[in-house]
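J.: Take a look at this one; I'll ask things after.
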Amino acid sequence: MNIKRSNAYSQVTLSIIIALFIALIILPSFASNDVMERLTVLFIYIIMAAMWNTLAGFGGLVSIGQQLFLGLGAYTTIRITDMGISPFIAIVLAACLVGLLSWPISTFMLRLKAGEFAIGMWVLASIGHLLVNLDPLIQGETGISLIALNQYSIESRRLFIYLAALLSMSALLLGLFYVLRSRAGIAMQAIRDNEEAADSIGVDPERVKKWFFIFAAFGTALAGALWLAQASSFQPKTYFSVQWTAYMIFMVLVGGLGRFEGAILGALLFFAVETWFATAGVWYLVGLGAVAMLCSLFLPKGIWGAIESKLGITLVPVGYQVTGLTTDTLKNK
Amino acid sequence: MIMTPYSQLQATGIHKSFGRVQVLNGIDFNMDTDDAIGIVGPNGAGKSTLLSVLSGAQAPTSGQIALNDKDITQLPARERAKQGLVRTHQIPKPFSGISVFENVFVAAIHSATSNREAAYDIALESIKLCGMLHLANREADSIGLLDRKRLELARALATQPKLLFLDEIGGGLTDAEALQLVDTILTLRERGIGIVWIEHIVHILLRVAKTLICMDSGQIIAQGNPNDVMSNQQVMQAYMGGTDHALGA
Ligand SMILES: Nc1ncnc2c1ncn2[C@@H]1O[C@H](COP(=O)(O)OP(=O)(O)OP(=O)(O)O)[C@@H](O)[C@H]1O
Ligand SMILES: [Mg+2]
């Protein structure tokens with residue numbers, strides 16, 4: 001008997017991912033401005049979905065306040081560039097600072113149970129919003145532009161932001177992949193499924209949950225900072241809006257909760273729907289809601305979950321497969 | 001000369017109440033950690049609660065627990081697991097979103113060893129011992145109640161315990177299955193693992209336990225040689241009072 005952690009599909013997937021990554025790196029030399037701007041948005045959506053999935057899908061920590069970290073990521077970037085630091089350094093620095101801040105936040109938020117945690121995060125996001133509004137630099141809801149970006153030409157700005165989003169997304173997904181395959185990854189899933197049982201066999205739920213919380217906060221803050229760079233202006237109420245978390249939930253539930261591929265698929269679908277139907281106004285939102293409802297009714301494991309159980313395919317394996325379970329090994333007690 | 005390090009678990013003056021309900025009422029309990037002890041008692045006697053307190057899942061309201069004369073009353077379950085004290089749950093608590101193998105592996109990699117390859121071996125061994133190899137890749141959500149109980153045992157075993165607390169893992173088994181379970185437990189005994197086993201099916205228990213404890217209303221009402229305990233006046237009365245389970249059923 002052996003333990004396998006990859007399969008034929010995942011090896012093909014790996015080659016495709018590498019090819020895709022190289023293609024995306026050289027894409028700016030021939031793609032149109034519009035394509036690059038839209039892809040930047042897609043990369044940020046993928047980050048948001050993957051981070052929400054990290055918390056809720058693998059950790060059972062359903063938060064409806066992740067806009068807190070999105071908003072703080074953007075706000076901190078504004079604050080740092082105001083000190084004369086280059087915006088691209090500021091983006092990374094801001095995400096790190098928010099990640100650091102999420103540590104003390106985690107110590108009291110993670111004491112809350114399920115529903116309390118979800119709502120508590122929302123309340124915290126509202127408090128964060130109010131506090132940021134107190135900063136005179138932001139000028140209340142009027143907001144402020146990321147003027148530091150003006151030092152670059154429009155073309156190089158577009159290129160830099162595109163590359164920053166691509167690299168951030170790739171690094172976060174790679175990081176998530178490794179974390180999920182590590183000891184902490186399986187521990188987090190055990191905690192999600194039964195915290196008391198996890199504790200009884202030696203898992204430290206508080207510690208593991210704290211690190212996952214910080215990781216998701218860092219990634220979401222990075223998404224916020226990147227969004228600021230591509231939108232180039234900051235109004236607190238657009239960043240601290242619960243709508244962001246609604247999008248994250250949509251992407252993850254439709255794509256497949258607790259599945260690595262699910263969040264990415266969900267982000268792609270959301271992006272496609274938005275690209276084609278966003279002009280439909282209210283009906284666009286109604287449509288999103290309807291799709292999410294249909295999915296949770298008929299595909300409880302999301303689209304990827306359904307594909308996975310129908311076809312038995314895993315493209316990005318984070319689990320463990322026992323192989324060599326022949327009738328011999330089974331009989332040979 | 002073989003030196004077996006002498007190892008003892010001691011609980012003194014254990015009280016546990018939930019609000020105004022007194023569930024454990026002054027329990028004193030001593031055992032060598034490589035001993036085999038059976039616990040019986042009517043429903044609601046406090047057996048599972050005692051196990052929770054000993055394994056660290058719940059803190060006692062008052063009283064002390066010591067392992068080798070070191071106080072562990074405040075030690076959380078995860079730390080006790082690393083010192084070799086592990087329990088199974090009466091109502092199985094599987095990690096339902098991951099496979100049977102992963103359920104057991106997570107225990108091995110956290111309490112037995114931090115070496116991945118070694119943890120694979122320990123997990124497979126435990127699963128095999130519990131006769132679940134054919135289910136290794138199944139999501140725990142999809143297995144039946146009896147297999148969930150086996151999974152409880154396999155998962156606890158994968159921590160490589162010194163002393164195992166078993167809470168009614170034999171309920172619902174056919175006679176043949178129950179004897180198989182006894183075989184498994186006797187194998188663990190040969191490896192020097194201590195057992196505290198709660199079970200209503202006394203004749204099964206007696207194949208493993210040399211000492212029997214009977215609990216009622218949060219107290220130990222009899223303890224010692226199984227035959228003496230079973231013929232004890234108070235024990236018979238306790239079972240007349242709570243009629244849910246006849247002894248030896
Ligand atoms: N968390 C809790 N909150 C309140 N009461 C509890 C709790 N856990 C147990 N009890 C009560 O404590 C008493 C003892 O429960 P316990 O589960 O220890 O009994 P038991 O001897 O294991 O019974 P059984 O044979 O039915 O498993 C019961 O009356 C039960 O209702
Ligand atoms: Mg019980």
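To be explicit about the labels: the chains of the structure tokens are called A, B, and onward in the order shown, and within each one the residues are counted from 1, while ligands get numbers from 1 in the order they are shown.
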What are the residues of chain A that have an atom within 8 Å of an atom of chain B, counting only C-alpha atoms, as JSON, numbers by chain?
T.: {"A": [3, 183, 186, 187, 189, 190, 191, 192, 193, 194, 196, 197, 199, 200, 201, 202, 203, 204, 319, 320, 321, 322, 325, 330, 333]}
J.: Go ahead and save the picked residues with N, CA and C atoms, as a compact mmCIF listing (two decimals), in the first residue's frame.
T.:
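Just written: result-v3.txt:
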# COMPACT_ATOMS: atom_id res chain seq x y z
N ILE A 3 0.72 5.82 -0.32
CA ILE A 3 -0.08 7.03 -0.27
C ILE A 3 0.31 7.89 -1.47
N ARG A 183 0.55 19.68 7.24
CA ARG A 183 -0.08 19.20 8.46
C ARG A 183 -1.21 20.13 8.88
N ILE A 186 -4.66 19.61 6.83
CA ILE A 186 -5.54 18.50 7.22
C ILE A 186 -6.11 18.78 8.62
N ALA A 187 -5.31 19.45 9.47
CA ALA A 187 -5.78 19.81 10.81
C ALA A 187 -6.97 20.77 10.70
N GLN A 189 -9.12 21.10 8.31
CA GLN A 189 -10.34 20.41 7.85
C GLN A 189 -10.93 19.55 8.97
N ALA A 190 -10.06 18.99 9.79
CA ALA A 190 -10.56 18.22 10.93
C ALA A 190 -11.31 19.15 11.89
N ILE A 191 -10.76 20.32 12.14
CA ILE A 191 -11.40 21.28 13.03
C ILE A 191 -12.75 21.71 12.47
N ARG A 192 -12.76 21.95 11.15
CA ARG A 192 -14.01 22.34 10.49
C ARG A 192 -15.09 21.28 10.74
N ASP A 193 -14.70 20.01 10.66
CA ASP A 193 -15.69 18.94 10.75
C ASP A 193 -16.07 18.61 12.18
N ASN A 194 -15.14 18.70 13.10
CA ASN A 194 -15.47 18.48 14.51
C ASN A 194 -14.33 18.97 15.40
N GLU A 196 -14.12 19.43 18.68
CA GLU A 196 -13.83 18.68 19.91
C GLU A 196 -13.02 17.41 19.60
N ALA A 197 -13.42 16.73 18.52
CA ALA A 197 -12.69 15.51 18.16
C ALA A 197 -11.26 15.85 17.74
N ASP A 199 -9.44 18.28 18.80
CA ASP A 199 -8.70 18.55 20.03
C ASP A 199 -8.33 17.24 20.73
N SER A 200 -9.26 16.26 20.67
CA SER A 200 -9.03 15.01 21.41
C SER A 200 -7.87 14.19 20.84
N ILE A 201 -7.47 14.46 19.60
CA ILE A 201 -6.38 13.67 19.04
C ILE A 201 -5.11 14.51 18.86
N GLY A 202 -5.08 15.67 19.51
CA GLY A 202 -3.82 16.41 19.55
C GLY A 202 -3.73 17.64 18.66
N VAL A 203 -4.83 17.99 17.99
CA VAL A 203 -4.80 19.20 17.16
C VAL A 203 -5.10 20.42 18.03
N ASP A 204 -4.39 21.51 17.81
CA ASP A 204 -4.64 22.73 18.58
C ASP A 204 -5.53 23.66 17.75
N GLY A 319 -5.45 16.30 -0.95
CA GLY A 319 -5.69 15.21 0.00
C GLY A 319 -4.71 14.07 -0.13
N TYR A 320 -5.15 12.90 0.35
CA TYR A 320 -4.31 11.71 0.40
C TYR A 320 -5.10 10.55 -0.17
N GLN A 321 -4.48 9.81 -1.06
CA GLN A 321 -5.16 8.67 -1.68
C GLN A 321 -4.39 7.41 -1.34
N VAL A 322 -5.08 6.42 -0.76
CA VAL A 322 -4.42 5.14 -0.50
C VAL A 322 -4.49 4.31 -1.77
N LEU A 325 -4.77 -1.06 -2.75
CA LEU A 325 -5.70 -1.80 -1.92
C LEU A 325 -6.24 -2.99 -2.71
N LEU A 330 -6.14 -6.59 1.41
CA LEU A 330 -7.34 -6.51 2.24
C LEU A 330 -7.55 -7.80 3.02
N LYS A 333 -4.83 -9.98 6.83
CA LYS A 333 -4.97 -9.22 8.07
C LYS A 333 -3.81 -9.41 9.04
J.: Going by DSSP on the backbone, which bits of region 153-188 of chain B are alpha helix (DSSP H)? Write them as a CSV table (one decimal) with N, CA and C atoms, in the first residue's frame, please.
T.:
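Full text of out_7.csv as output:
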chain,number,residue,atom,x,y,z
B,153,LEU,N,-12.2,4.3,17.0
B,153,LEU,CA,-11.1,3.5,17.5
B,153,LEU,C,-9.8,3.6,16.7
B,154,ALA,N,-9.9,3.5,15.4
B,154,ALA,CA,-8.7,3.6,14.6
B,154,ALA,C,-8.1,5.0,14.7
B,155,ARG,N,-8.9,6.0,14.8
B,155,ARG,CA,-8.3,7.4,14.9
B,155,ARG,C,-7.6,7.5,16.3
B,156,ALA,N,-8.2,7.0,17.3
B,156,ALA,CA,-7.6,7.1,18.7
B,156,ALA,C,-6.3,6.3,18.7
B,157,LEU,N,-6.3,5.1,18.1
B,157,LEU,CA,-5.1,4.3,18.1
B,157,LEU,C,-4.0,4.9,17.4
B,175,ASP,N,-22.8,-10.7,17.6
B,175,ASP,CA,-21.9,-11.5,18.5
B,175,ASP,C,-20.5,-11.7,17.9
B,176,ALA,N,-20.6,-12.1,16.6
B,176,ALA,CA,-19.3,-12.3,15.9
B,176,ALA,C,-18.5,-11.0,15.8
B,177,GLU,N,-19.2,-10.0,15.5
B,177,GLU,CA,-18.4,-8.7,15.4
B,177,GLU,C,-17.9,-8.3,16.8
B,178,ALA,N,-18.7,-8.5,17.8
B,178,ALA,CA,-18.2,-8.1,19.1
B,178,ALA,C,-17.0,-8.9,19.5
B,179,LEU,N,-16.9,-10.2,19.2
B,179,LEU,CA,-15.8,-11.0,19.5
B,179,LEU,C,-14.6,-10.5,18.7
B,180,GLN,N,-14.8,-10.1,17.5
B,180,GLN,CA,-13.7,-9.5,16.7
B,180,GLN,C,-13.1,-8.3,17.4
B,181,LEU,N,-14.0,-7.5,17.9
B,181,LEU,CA,-13.6,-6.3,18.6
B,181,LEU,C,-12.8,-6.6,19.8
B,182,VAL,N,-13.3,-7.7,20.6
B,182,VAL,CA,-12.5,-8.1,21.7
B,182,VAL,C,-11.1,-8.5,21.3
B,183,ASP,N,-11.0,-9.3,20.2
B,183,ASP,CA,-9.7,-9.7,19.7
B,183,ASP,C,-8.8,-8.5,19.5
B,184,THR,N,-9.4,-7.5,18.8
B,184,THR,CA,-8.6,-6.2,18.5
B,184,THR,C,-8.1,-5.6,19.8
B,185,ILE,N,-9.0,-5.5,20.8
B,185,ILE,CA,-8.6,-4.9,22.1
B,185,ILE,C,-7.5,-5.7,22.8
B,186,LEU,N,-7.7,-7.1,22.7
B,186,LEU,CA,-6.7,-7.9,23.3
B,186,LEU,C,-5.3,-7.7,22.7
B,187,THR,N,-5.3,-7.5,21.4
B,187,THR,CA,-4.0,-7.2,20.7
B,187,THR,C,-3.4,-5.9,21.3
B,188,LEU,N,-4.2,-4.9,21.5
B,188,LEU,CA,-3.7,-3.7,22.1
B,188,LEU,C,-3.2,-3.9,23.5
J.: Quote the spacing between CA of Ala263 (chain A) and CA of Phe108 (chain A) in Å to one decimal place.
T.: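 For CA of Ala263 (chain A) relative to CA of Phe108 (chain A), the distance reads 27.5 Å.
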J.: Using only C-alpha atoms and all ligand atoms, what are the residues with an atom within 8 Å of ligand 2, set out as number ranges by chain?
T.: B: 43-44, 46-49, 90, 167-168, 198
J.: Would you put the residues from that selection into a file with C-alpha atoms, as a tab-separated table (two decimals), in the first residue's frame?
T.:
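Saved file out-v6.tsv follows:
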chain	number	residue	atom	x	y	z
B	43	ASN	CA	-27.95	5.34	31.77
B	44	GLY	CA	-27.14	8.79	33.04
B	46	GLY	CA	-22.07	9.83	34.59
B	47	LYS	CA	-19.78	7.32	32.88
B	48	SER	CA	-19.21	9.34	29.73
B	49	THR	CA	-18.77	12.50	31.74
B	90	GLN	CA	-19.95	7.39	22.44
B	167	ASP	CA	-16.97	4.78	25.29
B	168	GLU	CA	-19.45	2.16	24.13
B	198	ILE	CA	-17.42	1.70	29.19
J.: Which residues are close to region 20-36 of chain B, i.e. within 7 Å by only C-alpha atoms, leaving aside same-chain residues fewer than 3 positions away? Reply as JSON, numbers by chain.
T.: {"B": [7, 8, 9, 10, 11, 12, 13, 14, 15, 16, 17, 46, 162, 163, 192, 193, 194, 195, 196, 208, 209, 210, 211, 217, 218, 219, 220]}
J.: Convert the current residue selection to file output with N, CA and C atoms, as a CSV table (one decimal), in the first residue's frame.
T.:
chain,number,residue,atom,x,y,z
B,7,SER,N,3.6,3.6,36.0
B,7,SER,CA,2.9,4.8,35.6
B,7,SER,C,1.4,4.8,36.1
B,8,GLN,N,1.0,5.8,36.6
B,8,GLN,CA,-0.3,5.8,37.3
B,8,GLN,C,-1.2,7.0,36.9
B,9,LEU,N,-2.5,6.8,36.7
B,9,LEU,CA,-3.4,7.9,36.6
B,9,LEU,C,-4.3,7.9,37.8
B,10,GLN,N,-4.3,9.2,38.4
B,10,GLN,CA,-5.1,9.3,39.7
B,10,GLN,C,-6.1,10.5,39.5
B,11,ALA,N,-7.3,10.2,39.9
B,11,ALA,CA,-8.3,11.2,40.0
B,11,ALA,C,-8.8,11.3,41.4
B,12,THR,N,-8.8,12.5,42.0
B,12,THR,CA,-9.3,12.5,43.4
B,12,THR,C,-10.3,13.6,43.5
B,13,GLY,N,-11.4,13.2,44.2
B,13,GLY,CA,-12.5,14.2,44.6
B,13,GLY,C,-13.1,14.9,43.4
B,14,ILE,N,-13.3,14.1,42.3
B,14,ILE,CA,-13.9,14.7,41.1
B,14,ILE,C,-15.4,15.0,41.2
B,15,HIS,N,-15.7,16.3,41.1
B,15,HIS,CA,-17.1,16.7,41.0
B,15,HIS,C,-17.3,17.4,39.6
B,16,LYS,N,-18.4,17.2,39.1
B,16,LYS,CA,-18.8,17.9,37.8
B,16,LYS,C,-20.2,18.2,37.8
B,17,SER,N,-20.6,19.5,37.6
B,17,SER,CA,-22.0,19.8,37.5
B,17,SER,C,-22.2,20.7,36.3
B,46,GLY,N,-23.2,8.9,34.6
B,46,GLY,CA,-22.1,9.8,34.6
B,46,GLY,C,-20.8,9.2,34.0
B,162,LYS,N,-1.0,5.5,25.4
B,162,LYS,CA,-0.6,4.6,26.5
B,162,LYS,C,-1.8,4.0,27.1
B,163,LEU,N,-2.8,4.9,27.2
B,163,LEU,CA,-4.1,4.5,27.9
B,163,LEU,C,-5.2,5.0,27.0
B,192,GLY,N,0.7,-3.6,25.5
B,192,GLY,CA,1.0,-2.8,26.7
B,192,GLY,C,0.1,-1.5,26.8
B,193,ILE,N,-0.9,-1.4,26.0
B,193,ILE,CA,-1.8,-0.3,26.0
B,193,ILE,C,-2.9,-0.5,27.1
B,194,GLY,N,-3.0,0.5,28.0
B,194,GLY,CA,-4.0,0.4,29.0
B,194,GLY,C,-5.4,0.7,28.5
B,195,ILE,N,-6.5,0.2,29.1
B,195,ILE,CA,-7.8,0.3,28.6
B,195,ILE,C,-8.8,0.7,29.7
B,196,VAL,N,-9.6,1.8,29.5
B,196,VAL,CA,-10.7,2.0,30.3
B,196,VAL,C,-11.9,1.9,29.4
B,208,VAL,N,-11.9,-8.7,28.7
B,208,VAL,CA,-10.7,-7.8,28.6
B,208,VAL,C,-10.4,-7.2,30.0
B,209,ALA,N,-11.4,-6.9,30.8
B,209,ALA,CA,-11.2,-6.1,32.0
B,209,ALA,C,-11.0,-7.1,33.2
B,210,LYS,N,-10.0,-6.8,34.0
B,210,LYS,CA,-9.7,-7.6,35.2
B,210,LYS,C,-10.4,-6.9,36.4
B,211,THR,N,-10.6,-5.6,36.2
B,211,THR,CA,-11.3,-4.9,37.3
B,211,THR,C,-12.5,-4.2,36.7
B,217,SER,N,-25.5,7.5,39.7
B,217,SER,CA,-25.7,8.8,40.2
B,217,SER,C,-24.4,9.6,40.5
B,218,GLY,N,-23.5,9.5,39.6
B,218,GLY,CA,-22.3,10.3,39.7
B,218,GLY,C,-21.3,9.8,40.8
B,219,GLN,N,-21.5,8.5,41.2
B,219,GLN,CA,-20.6,8.0,42.2
B,219,GLN,C,-20.1,6.6,41.8
B,220,ILE,N,-19.0,6.2,42.3
B,220,ILE,CA,-18.5,4.8,42.1
B,220,ILE,C,-19.2,4.0,43.3
J.: Report, in Å to a single decimal, how far apart CA of Ile154 (chain A) and CA of Pro28 (chain A) are.
T.: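 If I compute the distance from CA of Pro28 (chain A) to CA of Ile154 (chain A), I get 13.6 Å.
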J.: Which is closest to ligand 1 among B:Phe165, B:Asp216, B:Ala118, B:Ile37, if we use only C-alpha atoms and all ligand atoms?
T.: B:Asp216
J.: Between A:Ile64, A:Val291, A:Cys96, A:Leu265, which residue has the minimum interatomic distance to Trp52 (chain A), considering only C-alpha atoms?
T.: A:Ile64
J.: Which of these, B:Ile127, B:Glu190, B:Ile201, B:Leu173, has the shortest distance to ligand 1 once you count only C-alpha atoms and all ligand atoms?
T.: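 Ranking B:Ile127, B:Glu190, B:Ile201, B:Leu173 by distance to ligand 1, first place goes to B:Ile201.
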J.: Which polymer residues have any atom within 10 Å of an atom of Trp304 (chain A), counting only C-alpha atoms, with same-chain residues fewer than 5 positions away left out, as an MDAnalysis selection string?
T.: chainID A and resid 252:257 259:266 299 309:310 313:314
J.: Generate a file of the selected residues that holds N, CA, C and O atoms, formatted as a compact mmCIF listing (two decimals), in the first residue's frame.
T.:
# COMPACT_ATOMS: atom_id res chain seq x y z
N VAL A 252 -17.71 31.24 -4.39
CA VAL A 252 -17.32 29.99 -3.74
C VAL A 252 -18.46 28.97 -3.73
O VAL A 252 -18.25 27.79 -4.02
N LEU A 253 -19.67 29.44 -3.44
CA LEU A 253 -20.79 28.49 -3.39
C LEU A 253 -21.08 27.91 -4.76
O LEU A 253 -21.33 26.72 -4.90
N VAL A 254 -21.05 28.75 -5.77
CA VAL A 254 -21.33 28.27 -7.12
C VAL A 254 -20.18 27.38 -7.61
O VAL A 254 -20.39 26.32 -8.18
N GLY A 255 -18.96 27.81 -7.35
CA GLY A 255 -17.81 27.04 -7.83
C GLY A 255 -17.62 25.74 -7.09
O GLY A 255 -17.40 24.69 -7.68
N GLY A 256 -17.73 25.78 -5.76
CA GLY A 256 -17.55 24.56 -4.98
C GLY A 256 -16.84 24.84 -3.66
O GLY A 256 -15.62 24.98 -3.63
N LEU A 257 -17.62 24.92 -2.61
CA LEU A 257 -17.10 25.21 -1.27
C LEU A 257 -16.12 24.12 -0.83
O LEU A 257 -16.39 22.94 -0.99
N ARG A 259 -13.31 23.31 -2.08
CA ARG A 259 -12.55 22.68 -3.15
C ARG A 259 -11.64 23.72 -3.77
O ARG A 259 -12.09 24.80 -4.12
N PHE A 260 -10.38 23.36 -3.88
CA PHE A 260 -9.39 24.31 -4.38
C PHE A 260 -9.82 24.84 -5.74
O PHE A 260 -9.81 26.03 -6.00
N GLU A 261 -10.24 23.91 -6.63
CA GLU A 261 -10.62 24.30 -7.99
C GLU A 261 -11.91 25.11 -7.97
O GLU A 261 -12.16 25.93 -8.87
N GLY A 262 -12.75 24.86 -6.96
CA GLY A 262 -14.08 25.47 -6.91
C GLY A 262 -14.04 26.98 -6.88
O GLY A 262 -14.77 27.66 -7.62
N ALA A 263 -13.18 27.54 -6.03
CA ALA A 263 -13.11 29.00 -5.91
C ALA A 263 -12.68 29.63 -7.23
O ALA A 263 -13.21 30.66 -7.65
N ILE A 264 -11.76 28.99 -7.91
CA ILE A 264 -11.25 29.54 -9.17
C ILE A 264 -12.34 29.47 -10.24
O ILE A 264 -12.61 30.45 -10.94
N LEU A 265 -13.00 28.33 -10.32
CA LEU A 265 -14.09 28.18 -11.28
C LEU A 265 -15.19 29.20 -11.00
O LEU A 265 -15.71 29.84 -11.92
N GLY A 266 -15.53 29.36 -9.72
CA GLY A 266 -16.56 30.33 -9.33
C GLY A 266 -16.19 31.74 -9.74
O GLY A 266 -17.02 32.51 -10.24
N LEU A 299 -26.94 21.78 -6.55
CA LEU A 299 -25.53 21.38 -6.54
C LEU A 299 -24.91 21.81 -5.22
O LEU A 299 -24.14 22.76 -5.17
N SER A 309 -17.49 14.59 -8.13
CA SER A 309 -18.08 13.32 -7.72
C SER A 309 -18.61 12.52 -8.91
O SER A 309 -18.67 11.30 -8.85
N LYS A 310 -19.02 13.23 -9.99
CA LYS A 310 -19.48 12.49 -11.19
C LYS A 310 -18.31 11.79 -11.88
O LYS A 310 -18.39 10.62 -12.22
N ILE A 313 -12.62 13.28 -10.74
CA ILE A 313 -11.40 13.98 -11.16
C ILE A 313 -11.00 15.00 -10.10
O ILE A 313 -11.83 15.75 -9.60
N THR A 314 -9.74 15.03 -9.75
CA THR A 314 -9.20 16.12 -8.95
C THR A 314 -8.05 16.71 -9.74
O THR A 314 -7.12 16.00 -10.12
J.: What's around Ile161 (chain A) at 7 Å? Count only C-alpha atoms, leave out sequence neighbours fewer than 4 positions away in its own chain, and write the answer as a ChimeraX atom specification.
T.: /A:157,165,229-230
J.: Tell me which protein, DNA and RNA residues are within 9 Å of Glu206 (chain A), counting only C-alpha atoms, leaving out same-chain ones fewer than 5 positions away, and put them as a ChimeraX atom specification.
T.: /A:107,110-111,211
J.: Identify, on the basis of only C-alpha atoms, every residue whose closest approach to Val62 (chain A) does not exceed 10 Å; exclude the query and any residue fewer than 2 positions from it along the same chain; express the result as a PDB file with N, CA and C atoms, in the first residue's frame.
T.:
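The result, stored in result-v2.pdb:
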ATOM      1  N   TRP A  52     -11.729  33.543   0.619  1.00  0.00           N
ATOM      2  CA  TRP A  52     -12.961  33.252   1.368  1.00  0.00           C
ATOM      3  C   TRP A  52     -13.141  31.740   1.510  1.00  0.00           C
ATOM      4  N   ASN A  53     -12.769  31.026   0.455  1.00  0.00           N
ATOM      5  CA  ASN A  53     -12.847  29.561   0.480  1.00  0.00           C
ATOM      6  C   ASN A  53     -11.884  28.969   1.509  1.00  0.00           C
ATOM      7  N   THR A  54     -10.728  29.601   1.656  1.00  0.00           N
ATOM      8  CA  THR A  54      -9.761  29.146   2.658  1.00  0.00           C
ATOM      9  C   THR A  54     -10.403  29.133   4.035  1.00  0.00           C
ATOM     10  N   LEU A  55     -11.077  30.233   4.351  1.00  0.00           N
ATOM     11  CA  LEU A  55     -11.691  30.359   5.666  1.00  0.00           C
ATOM     12  C   LEU A  55     -12.914  29.471   5.803  1.00  0.00           C
ATOM     13  N   ALA A  56     -13.869  29.643   4.886  1.00  0.00           N
ATOM     14  CA  ALA A  56     -15.158  28.976   5.041  1.00  0.00           C
ATOM     15  C   ALA A  56     -15.097  27.526   4.570  1.00  0.00           C
ATOM     16  N   GLY A  57     -14.469  27.300   3.431  1.00  0.00           N
ATOM     17  CA  GLY A  57     -14.492  25.972   2.831  1.00  0.00           C
ATOM     18  C   GLY A  57     -13.599  24.992   3.558  1.00  0.00           C
ATOM     19  N   GLY A  59     -11.936  25.811   6.547  1.00  0.00           N
ATOM     20  CA  GLY A  59     -11.893  26.025   7.985  1.00  0.00           C
ATOM     21  C   GLY A  59     -13.241  26.122   8.656  1.00  0.00           C
ATOM     22  N   GLY A  60     -14.323  26.155   7.866  1.00  0.00           N
ATOM     23  CA  GLY A  60     -15.648  26.288   8.468  1.00  0.00           C
ATOM     24  C   GLY A  60     -15.884  27.645   9.115  1.00  0.00           C
ATOM     25  N   ILE A  64     -18.921  37.151   7.111  1.00  0.00           N
ATOM     26  CA  ILE A  64     -19.539  38.059   6.151  1.00  0.00           C
ATOM     27  C   ILE A  64     -18.962  39.453   6.346  1.00  0.00           C
ATOM     28  N   GLY A  65     -17.731  39.487   6.858  1.00  0.00           N
ATOM     29  CA  GLY A  65     -17.084  40.779   7.062  1.00  0.00           C
ATOM     30  C   GLY A  65     -15.697  40.862   6.442  1.00  0.00           C
ATOM     31  N   GLN A  66     -15.453  40.056   5.395  1.00  0.00           N
ATOM     32  CA  GLN A  66     -14.109  40.101   4.808  1.00  0.00           C
ATOM     33  C   GLN A  66     -13.813  41.438   4.128  1.00  0.00           C
ATOM     34  N   ALA A 114     -19.840  29.965  15.302  1.00  0.00           N
ATOM     35  CA  ALA A 114     -20.432  30.082  13.952  1.00  0.00           C
ATOM     36  C   ALA A 114     -21.146  31.387  13.615  1.00  0.00           C
ATOM     37  N   GLY A 115     -22.453  31.480  13.956  1.00  0.00           N
ATOM     38  CA  GLY A 115     -23.258  32.631  13.554  1.00  0.00           C
ATOM     39  C   GLY A 115     -22.737  33.928  14.138  1.00  0.00           C
ATOM     40  N   GLU A 116     -22.313  33.841  15.401  1.00  0.00           N
ATOM     41  CA  GLU A 116     -21.771  35.032  16.068  1.00  0.00           C
ATOM     42  C   GLU A 116     -20.523  35.523  15.340  1.00  0.00           C
ATOM     43  N   PHE A 117     -19.707  34.597  14.912  1.00  0.00           N
ATOM     44  CA  PHE A 117     -18.485  34.961  14.205  1.00  0.00           C
ATOM     45  C   PHE A 117     -18.833  35.663  12.895  1.00  0.00           C
ATOM     46  N   ALA A 118     -19.767  35.082  12.152  1.00  0.00           N
ATOM     47  CA  ALA A 118     -20.161  35.647  10.859  1.00  0.00           C
ATOM     48  C   ALA A 118     -20.623  37.097  11.025  1.00  0.00           C
ATOM     49  N   ILE A 119     -21.564  37.288  11.936  1.00  0.00           N
ATOM     50  CA  ILE A 119     -22.126  38.622  12.154  1.00  0.00           C
ATOM     51  C   ILE A 119     -21.082  39.532  12.799  1.00  0.00           C
ATOM     52  N   MET A 121     -17.967  39.597  12.418  1.00  0.00           N
ATOM     53  CA  MET A 121     -17.042  40.118  11.410  1.00  0.00           C
ATOM     54  C   MET A 121     -17.660  41.280  10.646  1.00  0.00           C
ATOM     55  N   ILE A 249     -18.948  34.996  -1.540  1.00  0.00           N
ATOM     56  CA  ILE A 249     -19.813  33.857  -1.211  1.00  0.00           C
ATOM     57  C   ILE A 249     -20.381  33.256  -2.490  1.00  0.00           C
TER      58      ILE A 249
END
